[in-house]
$ cat entry-v1.pdb   # PDB, C-alpha atoms, pLDDT in the B column
ATOM      1  CA  MET Y  34       0.000   0.000   0.000  1.00 76.00           C
ATOM      2  CA  ASN Y  35       1.454   3.335  -1.004  1.00 88.00           C
ATOM      3  CA  ALA Y  36       1.051   6.687   0.747  1.00 90.00           C
ATOM      4  CA  TRP Y  37      -1.790   7.834  -1.530  1.00 87.00           C
ATOM      5  CA  SER Y  38      -3.841   4.753  -0.727  1.00 88.00           C
ATOM      6  CA  ALA Y  39      -3.268   5.310   2.972  1.00 90.00           C
ATOM      7  CA  ALA Y  40      -4.367   8.941   2.625  1.00 89.00           C
ATOM      8  CA  ALA Y  41      -7.562   7.868   0.840  1.00 89.00           C
ATOM      9  CA  LEU Y  42      -8.252   5.282   3.530  1.00 90.00           C
ATOM     10  CA  LEU Y  43      -7.734   7.892   6.260  1.00 90.00           C
ATOM     11  CA  LEU Y  44     -10.066  10.327   4.496  1.00 89.00           C
ATOM     12  CA  ILE Y  45     -12.739   7.667   4.166  1.00 90.00           C
ATOM     13  CA  ALA Y  46     -12.408   6.513   7.774  1.00 92.00           C
ATOM     14  CA  ALA Y  47     -12.211   9.908   9.470  1.00 92.00           C
ATOM     15  CA  GLY Y  48     -14.130  12.089   7.044  1.00 90.00           C
ATOM     16  CA  PHE Y  49     -17.105   9.866   6.403  1.00 89.00           C
ATOM     17  CA  SER Y  50     -17.480   8.929  10.046  1.00 91.00           C
ATOM     18  CA  ALA Y  51     -17.660  12.631  10.977  1.00 90.00           C
ATOM     19  CA  ALA Y  52     -20.068  13.335   8.106  1.00 90.00           C
ATOM     20  CA  LEU Y  53     -22.269  10.391   9.036  1.00 90.00           C
ATOM     21  CA  TRP Y  54     -22.324  11.414  12.687  1.00 92.00           C
ATOM     22  CA  GLY Y  55     -23.322  14.943  11.709  1.00 89.00           C
ATOM     23  CA  ALA Y  56     -25.944  13.738   9.243  1.00 86.00           C
ATOM     24  CA  VAL Y  57     -27.821  11.483  11.649  1.00 89.00           C
ATOM     25  CA  ARG Y  58     -27.736  13.528  14.849  1.00 89.00           C
ATOM     26  CA  GLY Y  59     -28.821  16.991  15.826  1.00 81.00           C
ATOM     27  CA  SER Y  60     -30.890  19.694  14.217  1.00 84.00           C
ATOM     28  CA  ALA Y  61     -31.743  20.074  10.555  1.00 81.00           C
ATOM     29  CA  VAL Y  62     -28.889  22.542  10.101  1.00 83.00           C
ATOM     30  CA  ARG Y  63     -26.417  20.066  11.566  1.00 87.00           C
ATOM     31  CA  ARG Y  64     -27.700  17.293   9.300  1.00 85.00           C
ATOM     32  CA  LEU Y  65     -27.337  19.591   6.316  1.00 86.00           C
ATOM     33  CA  ALA Y  66     -23.760  20.359   7.363  1.00 87.00           C
ATOM     34  CA  GLY Y  67     -23.094  16.611   7.535  1.00 88.00           C
ATOM     35  CA  LEU Y  68     -24.396  16.243   3.992  1.00 86.00           C
ATOM     36  CA  CYS Y  69     -22.128  19.062   2.801  1.00 88.00           C
ATOM     37  CA  LEU Y  70     -19.158  17.464   4.556  1.00 89.00           C
ATOM     38  CA  ALA Y  71     -19.896  14.120   2.905  1.00 89.00           C
ATOM     39  CA  GLY Y  72     -19.766  15.767  -0.521  1.00 89.00           C
ATOM     40  CA  THR Y  73     -16.496  17.480   0.303  1.00 89.00           C
ATOM     41  CA  VAL Y  74     -14.895  14.294   1.626  1.00 90.00           C
ATOM     42  CA  THR Y  75     -16.051  12.370  -1.435  1.00 90.00           C
ATOM     43  CA  GLY Y  76     -14.454  14.984  -3.681  1.00 89.00           C
ATOM     44  CA  ALA Y  77     -11.200  14.772  -1.738  1.00 90.00           C
ATOM     45  CA  VAL Y  78     -11.195  10.972  -1.960  1.00 90.00           C
ATOM     46  CA  PHE Y  79     -11.815  11.182  -5.711  1.00 90.00           C
ATOM     47  CA  LEU Y  80      -8.798  13.482  -5.977  1.00 89.00           C
ATOM     48  CA  VAL Y  81      -6.497  11.209  -3.959  1.00 91.00           C
ATOM     49  CA  LEU Y  82      -7.445   7.857  -5.489  1.00 89.00           C
ATOM     50  CA  PRO Y  83      -6.226   8.719  -9.032  1.00 88.00           C
ATOM     51  CA  MET Y  84      -2.820   9.447  -7.531  1.00 88.00           C
ATOM     52  CA  ALA Y  85      -2.848   6.015  -5.867  1.00 89.00           C
ATOM     53  CA  PHE Y  86      -3.883   4.214  -9.056  1.00 88.00           C
ATOM     54  CA  GLY Y  87      -1.791   6.318 -11.424  1.00 87.00           C
ATOM     55  CA  ARG Y  88      -4.757   7.300 -13.610  1.00 85.00           C
ATOM     56  CA  ALA Y  89      -5.115  11.053 -14.071  1.00 84.00           C
ATOM     57  CA  SER Y  90      -8.335  10.715 -16.047  1.00 82.00           C
ATOM     58  CA  TYR Y  91     -10.220   9.727 -12.878  1.00 81.00           C
ATOM     59  CA  GLN Y  92      -9.831  13.280 -11.566  1.00 88.00           C
ATOM     60  CA  ASP Y  93     -12.593  14.410 -13.917  1.00 89.00           C
ATOM     61  CA  LEU Y  94     -15.081  12.716 -11.627  1.00 88.00           C
ATOM     62  CA  ALA Y  95     -13.821  14.813  -8.701  1.00 88.00           C
ATOM     63  CA  LEU Y  96     -14.236  18.012 -10.715  1.00 88.00           C
ATOM     64  CA  ALA Y  97     -17.797  17.081 -11.710  1.00 90.00           C
ATOM     65  CA  LEU Y  98     -18.615  16.293  -8.083  1.00 89.00           C
ATOM     66  CA  ALA Y  99     -17.178  19.630  -6.955  1.00 86.00           C
ATOM     67  CA  VAL Y 100     -19.622  21.404  -9.250  1.00 88.00           C
ATOM     68  CA  LEU Y 101     -22.674  19.227  -8.575  1.00 89.00           C
ATOM     69  CA  SER Y 102     -22.397  18.671  -4.822  1.00 87.00           C
ATOM     70  CA  PRO Y 103     -23.308  22.217  -3.657  1.00 86.00           C
ATOM     71  CA  ALA Y 104     -26.177  22.347  -6.142  1.00 87.00           C
ATOM     72  CA  GLY Y 105     -27.420  18.989  -4.873  1.00 84.00           C
ATOM     73  CA  VAL Y 106     -27.360  20.225  -1.294  1.00 84.00           C
ATOM     74  CA  LEU Y 107     -29.400  23.281  -2.277  1.00 85.00           C
ATOM     75  CA  VAL Y 108     -31.972  21.141  -4.094  1.00 85.00           C
ATOM     76  CA  PHE Y 109     -32.131  18.768  -1.116  1.00 79.00           C
ATOM     77  CA  THR Y 110     -32.688  21.713   1.217  1.00 82.00           C
ATOM     78  CA  ARG Y 111     -35.429  23.149  -0.961  1.00 83.00           C
ATOM     79  CA  PHE Y 112     -37.427  19.933  -1.271  1.00 80.00           C
ATOM     80  CA  VAL Y 113     -37.003  18.708   2.283  1.00 75.00           C
ATOM     81  CA  GLY Y 114     -37.410  22.108   3.919  1.00 75.00           C
ATOM     82  CA  GLY Y 115     -40.493  23.063   1.931  1.00 68.00           C
ATOM     83  CA  SER Y 116     -41.843  26.545   1.678  1.00 60.00           C
ATOM     84  CA  GLU Y 117     -41.869  28.610   4.852  1.00 60.00           C
ATOM     85  CA  ARG Y 118     -44.115  31.286   3.390  1.00 58.00           C
ATOM     86  CA  GLY Y 119     -47.836  31.083   3.828  1.00 51.00           C
ATOM     87  CA  PRO Y 120     -50.473  32.676   1.640  1.00 54.00           C
ATOM     88  CA  GLU Y 121     -50.039  36.359   0.942  1.00 55.00           C
ATOM     89  CA  ALA Y 122     -52.344  38.871   2.588  1.00 52.00           C
ATOM     90  CA  GLY Y 123     -55.786  38.682   1.049  1.00 54.00           C
ATOM     91  CA  GLU Y 124     -55.159  35.360  -0.698  1.00 55.00           C
ATOM     92  CA  SER Y 125     -56.554  32.007   0.269  1.00 56.00           C
ATOM     93  CA  GLU Y 126     -54.915  28.654  -0.246  1.00 58.00           C
ATOM     94  CA  GLY Y 127     -57.680  27.038  -2.300  1.00 57.00           C
ATOM     95  CA  PRO Y 128     -59.918  28.133  -5.132  1.00 62.00           C
ATOM     96  CA  GLN Y 129     -62.292  30.969  -4.351  1.00 61.00           C
ATOM     97  CA  GLN Y 130     -65.985  30.156  -4.061  1.00 65.00           C
ATOM     98  CA  GLU Y 131     -68.765  32.702  -3.982  1.00 65.00           C
ATOM     99  CA  VAL Y 132     -71.144  32.437  -1.075  1.00 66.00           C
ATOM    100  CA  ARG Y 133     -74.789  33.172  -2.019  1.00 65.00           C
TER     101      ARG Y 133
END
$ encode --input "entry-v1.pdb" --output "structure tokens"
Amino acid sequence: MNAWSAAALLLIAAGFSAALWGAVRGSAVRRLAGLCLAGTVTGAVFLVLPMAFGRASYQDLALALAVLSPAGVLVFTRFVGGSERGPEAGESEGPQQEVR
């Protein structure tokens, strides 16, 4: 095992355990931070593993993850969090019906 493989193993062991602990415990903000940390650790692992295997083309996956991970967290937050706003003043939630 070379030094790059050991670094990837350390990142997986320490980074993912911290991300998993943050993602399953605490408030919604803490779980979201755990999800962000998991994306960051995954990107770092995908940058270290090509050095261990000697294949530079695998680094493209890390670059794609670096772009998509923050956007994925924002989409996750939007769909899980829902809309905090209620109906505007003077508007009702359903269709209007006339009372006679």
$ axis_aligned_box --input "entry-v1.pdb" --around "stretch 35-40 of chain Y" --padding-each-side "3 Å" --output "lines of an AutoDock Vina configuration file"
center_x = -1.5
center_y = 6.1
center_z = 0.7
size_x = 11.8
size_y = 11.6
size_z = 10.5
$ atom_distance --input "entry-v1.pdb" --atom1 "atom CA of Y:Asn35" --atom2 "atom CA of Y:Val78"
14.8 Å
$ resolve_selection --input "entry-v1.pdb" --expression "the PyMOL selection byres ((chain Y and resi 80-91) around 8)" --output "list of chain:residue names"
Y:Asn35, Y:Ala36, Y:Trp37, Y:Ser38, Y:Ala40, Y:Ala41, Y:Gly76, Y:Ala77, Y:Val78, Y:Phe79, Y:Gln92, Y:Asp93, Y:Leu94, Y:Ala95
$ residues_around --input "entry-v1.pdb" --residues "stretch 59-68 of chain Y" --least-positions-apart "6" --cutoff "8 Å" --atoms "all atoms listed in the file" --output "PyMOL selection string"
chain Y and resi 51-53+106+110
$ atom_distance --input "entry-v1.pdb" --atom1 "atom CA of Y:Thr73" --atom2 "atom CA of Y:Arg111"
19.8 Å
$ atom_distance --input "entry-v1.pdb" --atom1 "atom CA of Y:Leu43" --atom2 "atom CA of Y:Ala104"
26.5 Å
$ residues_around --input "entry-v1.pdb" --residues "Y:Ser50" --least-positions-apart "6" --cutoff "12 Å" --atoms "all atoms listed in the file" --output "compact mmCIF listing (two decimals) with C-alpha atoms, in the coordinates of the input"
# COMPACT_ATOMS: atom_id res chain seq x y z
CA LEU Y 42 -8.25 5.28 3.53
CA LEU Y 43 -7.73 7.89 6.26
CA LEU Y 44 -10.07 10.33 4.50
CA ALA Y 56 -25.94 13.74 9.24
CA VAL Y 57 -27.82 11.48 11.65
CA GLY Y 67 -23.09 16.61 7.54
CA LEU Y 68 -24.40 16.24 3.99
CA LEU Y 70 -19.16 17.46 4.56
CA ALA Y 71 -19.90 14.12 2.90
CA VAL Y 74 -14.90 14.29 1.63
